[in-house]
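Enquirer: One file: data.cif (mmCIF, C-alpha atoms).
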```cif
data_model
loop_
_atom_site.label_atom_id
_atom_site.label_comp_id
_atom_site.auth_asym_id
_atom_site.auth_seq_id
_atom_site.Cartn_x
_atom_site.Cartn_y
_atom_site.Cartn_z
CA MET A 206 135.85 115.30 122.51
CA LYS A 207 135.60 114.87 126.23
CA THR A 208 137.50 112.81 128.74
CA VAL A 209 135.43 112.11 131.83
CA THR A 210 136.69 112.44 135.41
CA ASP A 211 135.08 110.41 138.20
CA GLU A 212 133.57 113.57 139.61
CA GLU A 213 132.04 114.54 136.27
CA ALA A 214 130.71 111.03 135.82
CA ALA A 215 129.03 111.11 139.24
CA ARG A 216 127.57 114.59 138.64
CA HIS A 217 126.28 113.50 135.23
CA LYS A 218 124.69 110.37 136.70
CA ALA A 219 122.89 112.33 139.42
CA LYS A 220 121.64 114.94 136.93
CA MET A 221 120.42 112.27 134.51
CA ALA A 222 118.68 110.32 137.28
CA LYS A 223 116.71 113.48 138.10
CA ARG A 224 115.98 114.07 134.43
CA LYS A 225 114.81 110.48 134.04
CA ALA A 226 112.33 110.96 136.89
CA VAL A 227 110.92 114.03 135.14
CA GLN A 228 110.77 112.24 131.77
CA ASP A 229 109.13 109.14 133.26
CA ALA A 230 106.47 111.27 134.97
CA GLU A 231 105.84 113.09 131.71
CA VAL A 232 105.52 109.85 129.73
CA ALA A 233 103.19 108.39 132.40
CA SER A 234 100.96 111.49 132.18
CA LYS A 235 100.23 110.80 128.51
CA THR A 236 97.66 108.06 128.24
CA VAL A 237 95.53 108.90 125.22
CA GLU A 238 95.81 106.74 122.10
CA LYS A 239 94.11 108.07 119.00
CA GLY A 240 94.43 108.43 115.30
CA LEU A 241 96.12 111.76 114.63
CA LEU A 242 95.31 114.43 112.09
CA ILE A 243 98.79 115.64 111.12
CA VAL A 244 99.57 118.72 109.01
CA ASN A 245 103.02 119.34 107.47
CA THR A 246 103.13 122.88 106.14
CA GLY A 247 105.49 125.83 105.72
CA PRO A 248 107.89 126.94 102.98
CA GLY A 249 110.74 124.54 103.88
CA LYS A 250 111.61 121.15 102.47
CA GLY A 251 110.43 117.97 104.18
CA LYS A 252 106.64 118.20 104.17
CA THR A 253 106.07 115.31 101.77
CA THR A 254 109.20 113.36 102.67
CA ALA A 255 108.23 113.41 106.37
CA ALA A 256 104.79 112.08 105.44
CA PHE A 257 106.40 109.26 103.48
CA GLY A 258 108.83 108.56 106.33
CA LEU A 259 105.80 108.11 108.57
CA ALA A 260 104.22 105.84 105.99
CA LEU A 261 107.38 103.74 106.06
CA ARG A 262 107.21 103.52 109.85
CA MET A 263 103.59 102.32 109.59
CA LEU A 264 104.54 99.73 106.99
CA GLY A 265 107.28 98.50 109.32
CA HIS A 266 104.60 97.80 111.90
CA GLY A 267 102.60 95.76 109.41
CA LYS A 268 99.97 98.42 108.70
CA ARG A 269 98.53 99.38 105.31
CA VAL A 270 98.95 102.89 103.91
CA GLY A 271 96.94 104.95 101.41
CA VAL A 272 98.32 107.89 99.42
CA VAL A 273 96.55 110.47 97.28
CA GLN A 274 98.67 113.02 95.44
CA PHE A 275 96.64 116.15 94.70
CA VAL A 276 99.22 118.00 92.60
CA LYS A 277 102.00 115.62 91.72
CA GLY A 278 101.24 112.75 89.44
CA ALA A 279 102.03 114.15 86.04
CA TRP A 280 105.66 113.18 86.58
CA HIS A 281 107.53 110.17 87.88
CA SER A 282 108.81 110.03 91.47
CA GLY A 283 111.27 107.83 93.29
CA GLU A 284 109.00 107.32 96.28
CA ARG A 285 106.30 105.74 94.17
CA ASP A 286 108.74 103.15 92.81
CA ALA A 287 110.12 102.48 96.29
CA PHE A 288 106.67 101.89 97.80
CA ALA A 289 106.10 99.23 95.14
CA ALA A 290 108.34 97.02 97.32
CA PHE A 291 105.39 96.76 99.74
CA GLY A 292 102.96 95.44 97.14
CA ASP A 293 99.25 95.93 97.91
CA ARG A 294 100.03 97.24 101.41
CA VAL A 295 100.37 100.65 99.77
CA VAL A 296 97.37 101.99 97.84
CA TRP A 297 98.58 104.87 95.68
CA HIS A 298 96.58 107.37 93.66
CA SER A 299 98.47 110.07 91.75
CA MET A 300 95.59 112.33 90.79
CA GLY A 301 97.44 115.55 90.07
CA GLU A 302 97.87 116.98 86.62
CA GLY A 303 100.94 118.98 87.60
CA PHE A 304 101.37 122.55 88.70
CA THR A 305 98.58 124.93 87.87
CA TRP A 306 100.96 127.01 85.70
CA GLU A 307 101.58 123.87 83.62
CA THR A 308 97.95 122.96 83.02
CA GLN A 309 96.81 126.61 82.62
CA ASP A 310 93.29 125.23 82.81
CA LEU A 311 91.29 126.18 85.90
CA ALA A 312 88.31 123.93 85.22
CA ARG A 313 90.63 120.97 84.69
CA ASP A 314 92.52 121.71 87.93
CA ILE A 315 89.26 121.85 89.88
CA ALA A 316 88.02 118.61 88.34
CA ALA A 317 91.33 116.91 89.17
CA ALA A 318 91.16 118.09 92.81
CA GLN A 319 87.62 116.82 93.13
CA ALA A 320 88.50 113.45 91.64
CA ALA A 321 91.45 113.23 94.06
CA TRP A 322 89.21 114.08 97.00
CA ALA A 323 86.80 111.32 95.94
CA LYS A 324 89.72 108.85 96.04
CA ALA A 325 90.69 110.22 99.45
CA GLY A 326 87.15 109.48 100.64
CA GLU A 327 87.54 105.84 99.60
CA LEU A 328 90.82 105.49 101.49
CA LEU A 329 89.43 107.21 104.61
CA ALA A 330 86.56 104.72 104.61
CA ASP A 331 88.80 101.65 104.19
CA PRO A 332 89.02 99.83 107.55
CA THR A 333 92.21 97.98 106.51
CA ILE A 334 94.23 101.19 106.19
CA GLY A 335 96.15 102.68 109.17
CA LEU A 336 97.50 105.88 107.62
CA VAL A 337 96.26 108.06 104.77
CA VAL A 338 98.64 110.60 103.21
CA LEU A 339 96.88 113.48 101.41
CA ASP A 340 99.86 114.98 99.63
CA GLU A 341 99.46 118.66 98.67
CA LEU A 342 95.79 118.73 99.74
CA ASN A 343 96.62 122.17 101.19
CA ILE A 344 97.19 123.48 97.67
CA ALA A 345 93.74 122.37 96.52
CA LEU A 346 92.23 124.00 99.63
CA ARG A 347 94.18 127.21 99.21
CA TYR A 348 92.78 127.78 95.72
CA ASP A 349 89.25 126.81 96.80
CA TYR A 350 89.19 123.85 94.45
CA LEU A 351 87.50 121.98 97.29
CA ASP A 352 85.04 123.10 99.95
CA LEU A 353 87.10 123.70 103.10
CA VAL A 354 84.28 123.15 105.60
CA SER A 355 83.28 119.82 104.13
CA VAL A 356 86.91 118.62 103.84
CA VAL A 357 87.62 119.49 107.49
CA GLU A 358 84.38 117.85 108.65
CA THR A 359 85.20 114.67 106.74
CA LEU A 360 88.71 114.56 108.24
CA LYS A 361 87.35 115.16 111.76
CA GLY A 362 84.78 112.42 111.25
CA ARG A 363 87.43 109.81 110.42
CA ARG A 364 87.67 106.44 112.21
CA GLY A 365 89.02 106.89 115.74
CA ASP A 366 92.31 105.07 115.18
CA LEU A 367 93.02 106.32 111.66
CA HIS A 368 96.05 108.58 111.19
CA VAL A 369 95.95 111.15 108.39
CA VAL A 370 98.78 113.37 107.13
CA VAL A 371 97.98 116.45 105.04
CA THR A 372 100.89 118.21 103.31
CA GLY A 373 101.43 121.44 101.42
CA ARG A 374 102.22 125.09 102.03
CA ASN A 375 99.76 127.59 103.46
CA ALA A 376 97.59 125.21 105.49
CA LYS A 377 94.18 126.80 106.12
CA PRO A 378 93.58 127.96 109.71
CA ALA A 379 90.46 125.77 110.00
CA LEU A 380 92.56 122.70 109.18
CA VAL A 381 95.29 123.70 111.66
CA GLU A 382 92.56 124.18 114.27
CA ALA A 383 91.21 120.66 113.65
CA ALA A 384 94.66 119.01 113.62
CA ASP A 385 96.41 117.19 116.48
CA LEU A 386 99.94 117.79 115.21
CA VAL A 387 101.08 120.66 113.01
CA THR A 388 104.66 121.11 111.89
CA GLU A 389 105.81 124.22 110.07
CA MET A 390 108.84 123.44 107.92
CA GLY A 391 110.95 126.60 107.81
CA ALA A 392 113.51 127.15 105.05
CA THR A 393 116.54 128.31 107.04
CA LYS A 394 118.74 127.74 104.01
CA HIS A 395 117.84 126.37 100.57
CA HIS A 396 120.16 125.09 97.87
CA PHE A 397 117.95 126.47 95.06
CA ALA A 398 119.14 129.94 96.15
CA ALA A 399 122.70 128.80 95.38
CA GLY A 400 121.76 127.78 91.84
CA VAL A 401 121.49 124.06 92.56
CA LYS A 402 118.88 122.40 90.37
CA ALA A 403 116.22 119.84 91.33
CA GLN A 404 118.00 116.49 91.54
CA GLN A 405 116.90 112.86 91.36
CA GLY A 406 116.41 111.41 94.82
CA ILE A 407 116.27 114.85 96.45
CA GLU A 408 113.36 116.69 94.85
CA PHE A 409 111.63 113.82 93.04
CA MET B 483 83.98 124.74 95.24
CA LYS B 484 84.20 126.94 92.18
CA THR B 485 82.32 127.05 88.94
CA VAL B 486 84.37 128.61 86.21
CA THR B 487 83.07 131.21 83.74
CA ASP B 488 84.70 131.61 80.32
CA GLU B 489 86.09 134.96 81.40
CA GLU B 490 87.63 133.49 84.56
CA ALA B 491 89.11 130.62 82.59
CA ALA B 492 90.73 133.03 80.11
CA ARG B 493 92.08 135.26 82.88
CA HIS B 494 93.45 132.22 84.72
CA LYS B 495 95.11 130.92 81.56
CA ALA B 496 96.83 134.25 80.86
CA LYS B 497 98.01 134.56 84.45
CA MET B 498 99.36 131.02 84.52
CA ALA B 499 101.11 131.44 81.16
CA LYS B 500 102.97 134.41 82.69
CA ARG B 501 103.74 132.43 85.81
CA LYS B 502 105.02 129.53 83.73
CA ALA B 503 107.45 131.86 81.95
CA VAL B 504 108.77 133.02 85.33
CA GLN B 505 109.03 129.46 86.65
CA ASP B 506 110.75 128.19 83.51
CA ALA B 507 113.33 130.98 83.67
CA GLU B 508 113.95 130.19 87.32
CA VAL B 509 114.39 126.47 86.65
CA ALA B 510 116.73 127.23 83.73
CA SER B 511 118.87 129.46 85.98
CA LYS B 512 119.65 126.51 88.27
CA THR B 513 122.31 124.38 86.67
CA VAL B 514 124.47 123.06 89.50
CA GLU B 515 124.29 119.36 90.38
CA LYS B 516 125.98 118.34 93.60
CA GLY B 517 125.68 116.12 96.60
CA LEU B 518 123.90 118.11 99.28
CA LEU B 519 124.65 118.43 102.97
CA ILE B 520 121.16 118.59 104.45
CA VAL B 521 120.30 119.44 108.07
CA ASN B 522 116.85 118.77 109.59
CA THR B 523 116.64 120.53 112.93
CA GLY B 524 114.20 122.37 115.21
CA PRO B 525 111.80 121.28 117.94
CA GLY B 526 109.02 120.01 115.67
CA LYS B 527 108.27 116.54 114.43
CA GLY B 528 109.53 115.33 111.05
CA LYS B 529 113.31 115.62 111.25
CA THR B 530 114.00 111.87 111.13
CA THR B 531 110.91 110.92 109.12
CA ALA B 532 111.83 113.46 106.41
CA ALA B 533 115.33 111.95 106.26
CA PHE B 534 113.83 108.50 105.82
CA GLY B 535 111.40 109.80 103.21
CA LEU B 536 114.40 111.07 101.28
CA ALA B 537 116.09 107.68 101.70
CA LEU B 538 113.00 106.07 100.22
CA ARG B 539 113.13 108.44 97.25
CA MET B 540 116.79 107.49 96.68
CA LEU B 541 115.96 103.80 96.89
CA GLY B 542 113.22 104.35 94.33
CA HIS B 543 115.87 105.63 91.94
CA GLY B 544 117.98 102.52 92.47
CA LYS B 545 120.54 104.11 94.78
CA ARG B 546 121.99 102.59 97.96
CA VAL B 547 121.47 104.28 101.34
CA GLY B 548 123.45 104.20 104.59
CA VAL B 549 122.00 105.02 108.03
CA VAL B 550 123.71 105.58 111.36
CA GLN B 551 121.55 106.19 114.41
CA PHE B 552 123.48 108.10 117.07
CA VAL B 553 120.87 107.99 119.85
CA LYS B 554 118.16 105.56 118.86
CA GLY B 555 119.05 101.92 118.66
CA ALA B 556 118.23 100.69 122.13
CA TRP B 557 114.64 100.18 121.02
CA HIS B 558 112.88 98.75 118.04
CA SER B 559 111.55 100.98 115.26
CA GLY B 560 109.13 100.48 112.42
CA GLU B 561 111.38 102.17 109.87
CA ARG B 562 114.16 99.66 110.40
CA ASP B 563 111.81 96.76 109.68
CA ALA B 564 110.42 98.55 106.64
CA PHE B 565 113.86 99.21 105.15
CA ALA B 566 114.54 95.47 105.35
CA ALA B 567 112.35 95.21 102.23
CA PHE B 568 115.27 96.72 100.29
CA GLY B 569 117.80 94.09 101.37
CA ASP B 570 121.46 95.08 101.16
CA ARG B 571 120.61 98.36 99.41
CA VAL B 572 120.18 99.79 102.91
CA VAL B 573 123.17 99.61 105.28
CA TRP B 574 121.87 100.27 108.80
CA HIS B 575 123.83 100.85 111.99
CA SER B 576 121.88 101.52 115.19
CA MET B 577 124.70 102.66 117.44
CA GLY B 578 122.75 104.53 120.11
CA GLU B 579 122.32 103.29 123.62
CA GLY B 580 119.16 105.32 124.19
CA PHE B 581 118.60 108.72 125.72
CA THR B 582 121.32 110.04 127.98
CA TRP B 583 118.90 110.03 130.95
CA GLU B 584 118.41 106.31 130.41
CA THR B 585 122.08 105.32 130.28
CA GLN B 586 123.11 107.82 133.02
CA ASP B 587 126.67 107.04 132.00
CA LEU B 588 128.61 109.86 130.36
CA ALA B 589 131.68 107.83 129.40
CA ARG B 590 129.45 105.20 127.78
CA ASP B 591 127.49 107.85 125.86
CA ILE B 592 130.72 109.35 124.54
CA ALA B 593 132.09 105.96 123.54
CA ALA B 594 128.82 105.14 121.75
CA ALA B 595 128.91 108.45 119.84
CA GLN B 596 132.49 107.84 118.78
CA ALA B 597 131.74 104.29 117.64
CA ALA B 598 128.77 105.65 115.67
CA TRP B 599 130.95 108.31 114.04
CA ALA B 600 133.46 105.61 113.03
CA LYS B 601 130.61 103.76 111.27
CA ALA B 602 129.56 107.03 109.64
CA GLY B 603 133.10 107.38 108.30
CA GLU B 604 132.84 103.96 106.65
CA LEU B 605 129.55 104.86 104.97
CA LEU B 606 130.84 108.27 103.82
CA ALA B 607 133.78 106.49 102.18
CA ASP B 608 131.65 103.86 100.44
CA PRO B 609 131.45 104.74 96.70
CA THR B 610 128.34 102.57 96.22
CA ILE B 611 126.20 104.69 98.57
CA GLY B 612 124.24 107.71 97.30
CA LEU B 613 122.79 109.03 100.57
CA VAL B 614 123.99 108.78 104.16
CA VAL B 615 121.55 109.56 107.00
CA LEU B 616 123.24 110.57 110.27
CA ASP B 617 120.24 110.40 112.58
CA GLU B 618 120.54 112.53 115.75
CA LEU B 619 124.18 113.41 115.04
CA ASN B 620 123.22 116.92 116.24
CA ILE B 621 122.66 115.52 119.75
CA ALA B 622 126.17 114.04 119.90
CA LEU B 623 127.60 117.36 118.67
CA ARG B 624 125.54 119.41 121.11
CA TYR B 625 126.97 117.56 124.11
CA ASP B 626 130.51 117.66 122.70
CA TYR B 627 130.69 113.89 122.46
CA LEU B 628 132.40 114.45 119.11
CA ASP B 629 134.79 117.13 117.91
CA LEU B 630 132.68 119.62 115.94
CA VAL B 631 135.48 120.96 113.73
CA SER B 632 136.60 117.52 112.63
CA VAL B 633 133.01 116.32 112.00
CA VAL B 634 132.23 119.38 109.85
CA GLU B 635 135.52 119.03 107.94
CA THR B 636 134.80 115.37 107.23
CA LEU B 637 131.29 116.19 106.00
CA LYS B 638 132.58 119.02 103.80
CA GLY B 639 135.24 116.68 102.39
CA ARG B 640 132.70 114.12 101.23
CA ARG B 641 132.55 112.79 97.65
CA GLY B 642 131.15 115.46 95.30
CA ASP B 643 127.93 113.62 94.47
CA LEU B 644 127.21 112.17 97.92
CA HIS B 645 124.10 113.46 99.73
CA VAL B 646 124.16 113.52 103.53
CA VAL B 647 121.28 114.24 105.92
CA VAL B 648 122.00 115.18 109.53
CA THR B 649 119.07 115.25 111.97
CA GLY B 650 118.45 116.37 115.54
CA ARG B 651 117.53 119.49 117.50
CA ASN B 652 119.91 122.35 118.11
CA ALA B 653 122.12 122.02 115.04
CA LYS B 654 125.45 123.72 115.67
CA PRO B 655 125.98 127.00 113.76
CA ALA B 656 129.17 125.65 112.12
CA LEU B 657 127.18 122.75 110.67
CA VAL B 658 124.39 125.07 109.47
CA GLU B 659 127.06 127.25 107.86
CA ALA B 660 128.53 124.25 106.01
CA ALA B 661 125.14 122.90 104.89
CA ASP B 662 123.43 123.38 101.51
CA LEU B 663 119.89 122.88 102.82
CA VAL B 664 118.69 123.52 106.36
CA THR B 665 115.10 122.99 107.45
CA GLU B 666 113.88 124.07 110.87
CA MET B 667 110.90 121.95 111.92
CA GLY B 668 108.70 124.18 114.08
CA ALA B 669 106.15 122.66 116.46
CA THR B 670 103.08 124.77 115.72
CA LYS B 671 100.91 122.25 117.58
CA HIS B 672 101.90 118.97 119.24
CA HIS B 673 99.65 116.13 120.37
CA PHE B 674 101.85 115.35 123.41
CA ALA B 675 100.56 118.62 124.91
CA ALA B 676 97.04 117.16 124.68
CA GLY B 677 98.05 114.05 126.65
CA VAL B 678 98.43 111.79 123.63
CA LYS B 679 101.13 109.14 124.17
CA ALA B 680 103.84 107.96 121.80
CA GLN B 681 102.16 105.56 119.39
CA GLN B 682 103.35 102.78 117.13
CA GLY B 683 103.87 104.00 113.58
CA ILE B 684 103.88 107.66 114.65
CA GLU B 685 106.75 108.05 117.11
CA PHE B 686 108.58 104.75 116.57
#
```
Produce structure tokens that represent the structure in this file.

Expert:
Amino acid sequence: MKTVTDEEAARHKAKMAKRKAVQDAEVASKTVEKGLLIVNTGPGKGKTTAAFGLALRMLGHGKRVGVVQFVKGAWHSGERDAFAAFGDRVVWHSMGEGFTWETQDLARDIAAAQAAWAKAGELLADPTIGLVVLDELNIALRYDYLDLVSVVETLKGRRGDLHVVVTGRNAKPALVEAADLVTEMGATKHHFAAGVKAQQGIEF
Amino acid sequence: MKTVTDEEAARHKAKMAKRKAVQDAEVASKTVEKGLLIVNTGPGKGKTTAAFGLALRMLGHGKRVGVVQFVKGAWHSGERDAFAAFGDRVVWHSMGEGFTWETQDLARDIAAAQAAWAKAGELLADPTIGLVVLDELNIALRYDYLDLVSVVETLKGRRGDLHVVVTGRNAKPALVEAADLVTEMGATKHHFAAGVKAQQGIEF
């Protein structure tokens, strides 16, 4: 905890005034407004929760949000119940049948991914929606359950002001290439390694 | 897009049955339930939004959530408006005075950080709260506005089932050491570099 001398205060003020000038110039240089294609990938936690945090931000600004879950859906999640507080401003489709090692049925997994992608197409075409979350789409792409080229083309062809977030590990390079914002969540430390189980409110 | 032969389907089923056995054993090996100390750090986007996504998940399970913003607060954010939908189940303190290059006043920044930490202490002591989000606490620690040792001790001494999320770049090693879950958000690609400005619903 610091105590501040007059000299320190003056030095800090001068340094921050300079920094403000740099920051202001940087902010002024950014003029483009556009709907972003956002990808949250990597092995760490926070890919889906960050997407839902963004959805919340959108809702706070009065926008509508669409969600398609490509893998999850077979089980109950806290976020789905919480979004119910926003009524029909959240359009939610849980199209997953669970992890592929649970279904053990390749044809069924592919059919589920294709049905989910059809729902995604509806949301992407809905002019009342400001943000579409395609949760775990990367998983469906990784296993070639969907045609990568056509998915990327559809996402690139979205309405100019529509934001889209795609989540899931192992994002395909073609999707990363098409995206405006890509965050790699790295697992610096994970509680599962310490024997902590999946807990309500944290993992689901 | 795949078409599945009978042989492929059988091979897939056998492989997934094996994988399920491995997964089930792994899940069974994790038995600890505890409140987690979570740190979202790194230069990429998603540190705060992931914390709020987790808050949403908690709210969906009927828990109460507390939020202290250590830097933000001088401006309006979508998430704050959105959380209003949950009434008194979210306790929100925006204690920041804005970026340090905006205030240009070191003593004021320190006083604001200390006032925010006092609010954090109240939330950490509240037995009705399941998750406390300390947004941008890492910034206050980085500039030594707060005493690192005492902050880490307080966080470690929290109630056994209380989850805490700390966000902000440049997490201190002592905090990382104390944490159960640390995610480093890496900026693989950022739209600011392409001249895109901060937009409603995305950055605030």

Enquirer: Identify all residues satisfying the PyMOL selection byres ((chain A and resi 370) around 7) in the given file; provide them as a ChimeraX atom specification.

Expert: /A:242-244,256,337-339,368-369,371-372

Enquirer: Could you write out that same residue set with C-alpha atoms as a JSON list (two decimals), keeping the file's coordinate frame?

Expert:
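File produced: part-v8.json:
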```
[["chain", "number", "residue", "atom", "x", "y", "z"],
["A", 242, "LEU", "CA", 95.31, 114.43, 112.09],
["A", 243, "ILE", "CA", 98.79, 115.64, 111.12],
["A", 244, "VAL", "CA", 99.57, 118.72, 109.01],
["A", 256, "ALA", "CA", 104.79, 112.08, 105.44],
["A", 337, "VAL", "CA", 96.26, 108.06, 104.77],
["A", 338, "VAL", "CA", 98.64, 110.60, 103.21],
["A", 339, "LEU", "CA", 96.88, 113.48, 101.41],
["A", 368, "HIS", "CA", 96.05, 108.58, 111.19],
["A", 369, "VAL", "CA", 95.95, 111.15, 108.39],
["A", 371, "VAL", "CA", 97.98, 116.45, 105.04],
["A", 372, "THR", "CA", 100.89, 118.21, 103.31]]
```

Enquirer: Residues near Leu538 (chain B), anyone? I mean within 8 Å using only C-alpha atoms, not counting same-chain ones fewer than 5 positions away, as a list in words.

Expert: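 The contact residues come out as Gly258, Gly283, Glu284, Ala287 and Phe288 of chain A.
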
Enquirer: With only C-alpha atoms as the counted atoms, please give the residues lying no more than 7 Å from Lys250 (chain A), apart from itself and same-chain residues fewer than 4 positions off, as a short mmCIF file (atom, residue, chain, number, x, y, z; two decimals) with C-alpha atoms, in the coordinates of the input.

Expert:
```cif
data_model
loop_
_atom_site.label_atom_id
_atom_site.label_comp_id
_atom_site.auth_asym_id
_atom_site.auth_seq_id
_atom_site.Cartn_x
_atom_site.Cartn_y
_atom_site.Cartn_z
CA MET A 390 108.84 123.44 107.92
CA ALA A 392 113.51 127.15 105.05
CA THR B 665 115.10 122.99 107.45
#
```

Enquirer: Compile the contact shell of Arg571 (chain B) as a PyMOL selection string: residues with an atom at most 12 Å away, counting all atoms listed in the file, same-chain residues fewer than 4 positions apart removed.

Expert: (chain A and resi 287) or (chain B and resi 537-538+540-549+565-567+610-614)

Enquirer: Which is closer to Asp385 (chain A) than all the others in B:Glu584, B:Ala532, B:Ala675, B:Gly650, using all atoms listed in the file?

Expert: B:Ala675

Enquirer: Translate the PyMOL selection byres ((chain A and resi 314) around 12) into a concrete residue list for this structure, as a ChimeraX atom specification.

Expert: /A:275-277,300-313,315-321,344-346,348-351 /B:483-486,491,494-495

Enquirer: Can you tell me how far CA of Pro609 (chain B) sits from CA of Lys516 (chain B), in Å to one decimal?

Expert: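 We find that CA of Pro609 (chain B) and CA of Lys516 (chain B) lie 15.0 Å from each other.
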
Enquirer: Would you mind reading off the distance between CA of Leu329 (chain A) and CA of Phe568 (chain B), one decimal, in Å?

Expert: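 Going from CA of Leu329 (chain A) over to CA of Phe568 (chain B) covers 28.2 Å.
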
Enquirer: Ranking A:Arg374, A:His395, A:Arg347, A:Arg216 by minimum distance to chain B and counting all atoms listed in the file, which one comes first?

Expert: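 Closest candidate: A:His395.
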
Enquirer: Write out as AutoDock Vina command-line options an axis-aligned box for region 633-651 of chain B: all of its atoms listed in the file, 3 Å added on each side, centre and edge lengths in Å with one decimal.

Expert:
```
--center_x 126.5 --center_y 115.8 --center_z 106.0 --size_x 24.0 --size_y 13.3 --size_z 29.0
```

Enquirer: Counting all atoms listed in the file, figure out which residue out of B:Phe534, B:Asn522, B:Gly555, B:Gly642 gets nearest to chain A.

Expert: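 Among the listed residues, the smallest separation from chain A belongs to B:Phe534.
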
Enquirer: Expressed in Å to a single decimal, how great is the separation between CA of Ala325 (chain A) and CA of Ser299 (chain A)?

Expert: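 Result for CA of Ala325 (chain A) versus CA of Ser299 (chain A): 10.9 Å, one decimal.
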
Enquirer: Suppose a student applies the PyMOL selection byres ((chain A and resi 400) around 10) to this structure; what residues should they get, written as an NGL selection string?

Expert: (:A and (395-399 or 401-403)) or (:B and (508-515))

Enquirer: Would you please work out which residue, of A:Glu341, A:Glu389, A:Glu382, A:Asp229, is nearest to chain B when using all atoms listed in the file?

Expert: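 Result for the nearest residue to chain B: A:Glu389.
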
Enquirer: Rank B:Pro655, B:Gly526, B:Gly639, B:Gly517 by their smallest atom-to-atom distance to chain A, using all atoms listed in the file, and report the top residue only.

Expert: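 Selected residue with least distance to chain A: B:Gly526.
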
Enquirer: Select, from A:Gln405, A:Asn343, A:Gln274, A:Asn375, the residue with the minimum atom-to-atom distance to chain B, counting all atoms listed in the file.

Expert: A:Gln405

Enquirer: Provide region 632-643 of chain B of the preceding structure as a file containing N, CA, C and O atoms, as a PDB file, in the first residue's frame.

Expert:
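Below is the file selection_4.pdb, written as the result:
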```
ATOM      1  N   SER B 632      -1.769  -9.290   1.997  1.00  0.00           N
ATOM      2  CA  SER B 632      -3.014  -9.288   2.773  1.00  0.00           C
ATOM      3  C   SER B 632      -4.224  -9.637   1.891  1.00  0.00           C
ATOM      4  O   SER B 632      -5.156 -10.318   2.323  1.00  0.00           O
ATOM      5  N   VAL B 633      -4.199  -9.200   0.613  1.00  0.00           N
ATOM      6  CA  VAL B 633      -5.289  -9.562  -0.303  1.00  0.00           C
ATOM      7  C   VAL B 633      -5.315 -11.082  -0.509  1.00  0.00           C
ATOM      8  O   VAL B 633      -6.374 -11.721  -0.406  1.00  0.00           O
ATOM      9  N   VAL B 634      -4.152 -11.670  -0.776  1.00  0.00           N
ATOM     10  CA  VAL B 634      -4.096 -13.119  -1.027  1.00  0.00           C
ATOM     11  C   VAL B 634      -4.516 -13.893   0.229  1.00  0.00           C
ATOM     12  O   VAL B 634      -5.280 -14.866   0.142  1.00  0.00           O
ATOM     13  N   GLU B 635      -4.075 -13.437   1.398  1.00  0.00           N
ATOM     14  CA  GLU B 635      -4.465 -14.116   2.642  1.00  0.00           C
ATOM     15  C   GLU B 635      -5.972 -14.058   2.842  1.00  0.00           C
ATOM     16  O   GLU B 635      -6.604 -15.048   3.235  1.00  0.00           O
ATOM     17  N   THR B 636      -6.558 -12.900   2.593  1.00  0.00           N
ATOM     18  CA  THR B 636      -8.013 -12.756   2.735  1.00  0.00           C
ATOM     19  C   THR B 636      -8.744 -13.695   1.783  1.00  0.00           C
ATOM     20  O   THR B 636      -9.717 -14.367   2.165  1.00  0.00           O
ATOM     21  N   LEU B 637      -8.264 -13.761   0.536  1.00  0.00           N
ATOM     22  CA  LEU B 637      -8.921 -14.634  -0.453  1.00  0.00           C
ATOM     23  C   LEU B 637      -8.783 -16.106  -0.054  1.00  0.00           C
ATOM     24  O   LEU B 637      -9.743 -16.876  -0.149  1.00  0.00           O
ATOM     25  N   LYS B 638      -7.596 -16.480   0.417  1.00  0.00           N
ATOM     26  CA  LYS B 638      -7.386 -17.867   0.855  1.00  0.00           C
ATOM     27  C   LYS B 638      -8.232 -18.206   2.086  1.00  0.00           C
ATOM     28  O   LYS B 638      -8.618 -19.362   2.282  1.00  0.00           O
ATOM     29  N   GLY B 639      -8.517 -17.197   2.909  1.00  0.00           N
ATOM     30  CA  GLY B 639      -9.288 -17.427   4.127  1.00  0.00           C
ATOM     31  C   GLY B 639     -10.792 -17.377   3.931  1.00  0.00           C
ATOM     32  O   GLY B 639     -11.552 -17.366   4.901  1.00  0.00           O
ATOM     33  N   ARG B 640     -11.210 -17.363   2.674  1.00  0.00           N
ATOM     34  CA  ARG B 640     -12.660 -17.263   2.400  1.00  0.00           C
ATOM     35  C   ARG B 640     -13.399 -18.508   2.885  1.00  0.00           C
ATOM     36  O   ARG B 640     -12.789 -19.560   3.093  1.00  0.00           O
ATOM     37  N   ARG B 641     -14.728 -18.382   2.992  1.00  0.00           N
ATOM     38  CA  ARG B 641     -15.609 -19.494   3.354  1.00  0.00           C
ATOM     39  C   ARG B 641     -15.338 -20.675   2.412  1.00  0.00           C
ATOM     40  O   ARG B 641     -15.130 -20.472   1.209  1.00  0.00           O
ATOM     41  N   GLY B 642     -15.407 -21.885   2.920  1.00  0.00           N
ATOM     42  CA  GLY B 642     -15.012 -23.068   2.151  1.00  0.00           C
ATOM     43  C   GLY B 642     -15.771 -23.307   0.860  1.00  0.00           C
ATOM     44  O   GLY B 642     -15.239 -23.892  -0.083  1.00  0.00           O
ATOM     45  N   ASP B 643     -17.026 -22.862   0.799  1.00  0.00           N
ATOM     46  CA  ASP B 643     -17.808 -23.118  -0.419  1.00  0.00           C
ATOM     47  C   ASP B 643     -18.020 -21.854  -1.254  1.00  0.00           C
ATOM     48  O   ASP B 643     -18.856 -21.840  -2.166  1.00  0.00           O
TER      49      ASP B 643
END
```
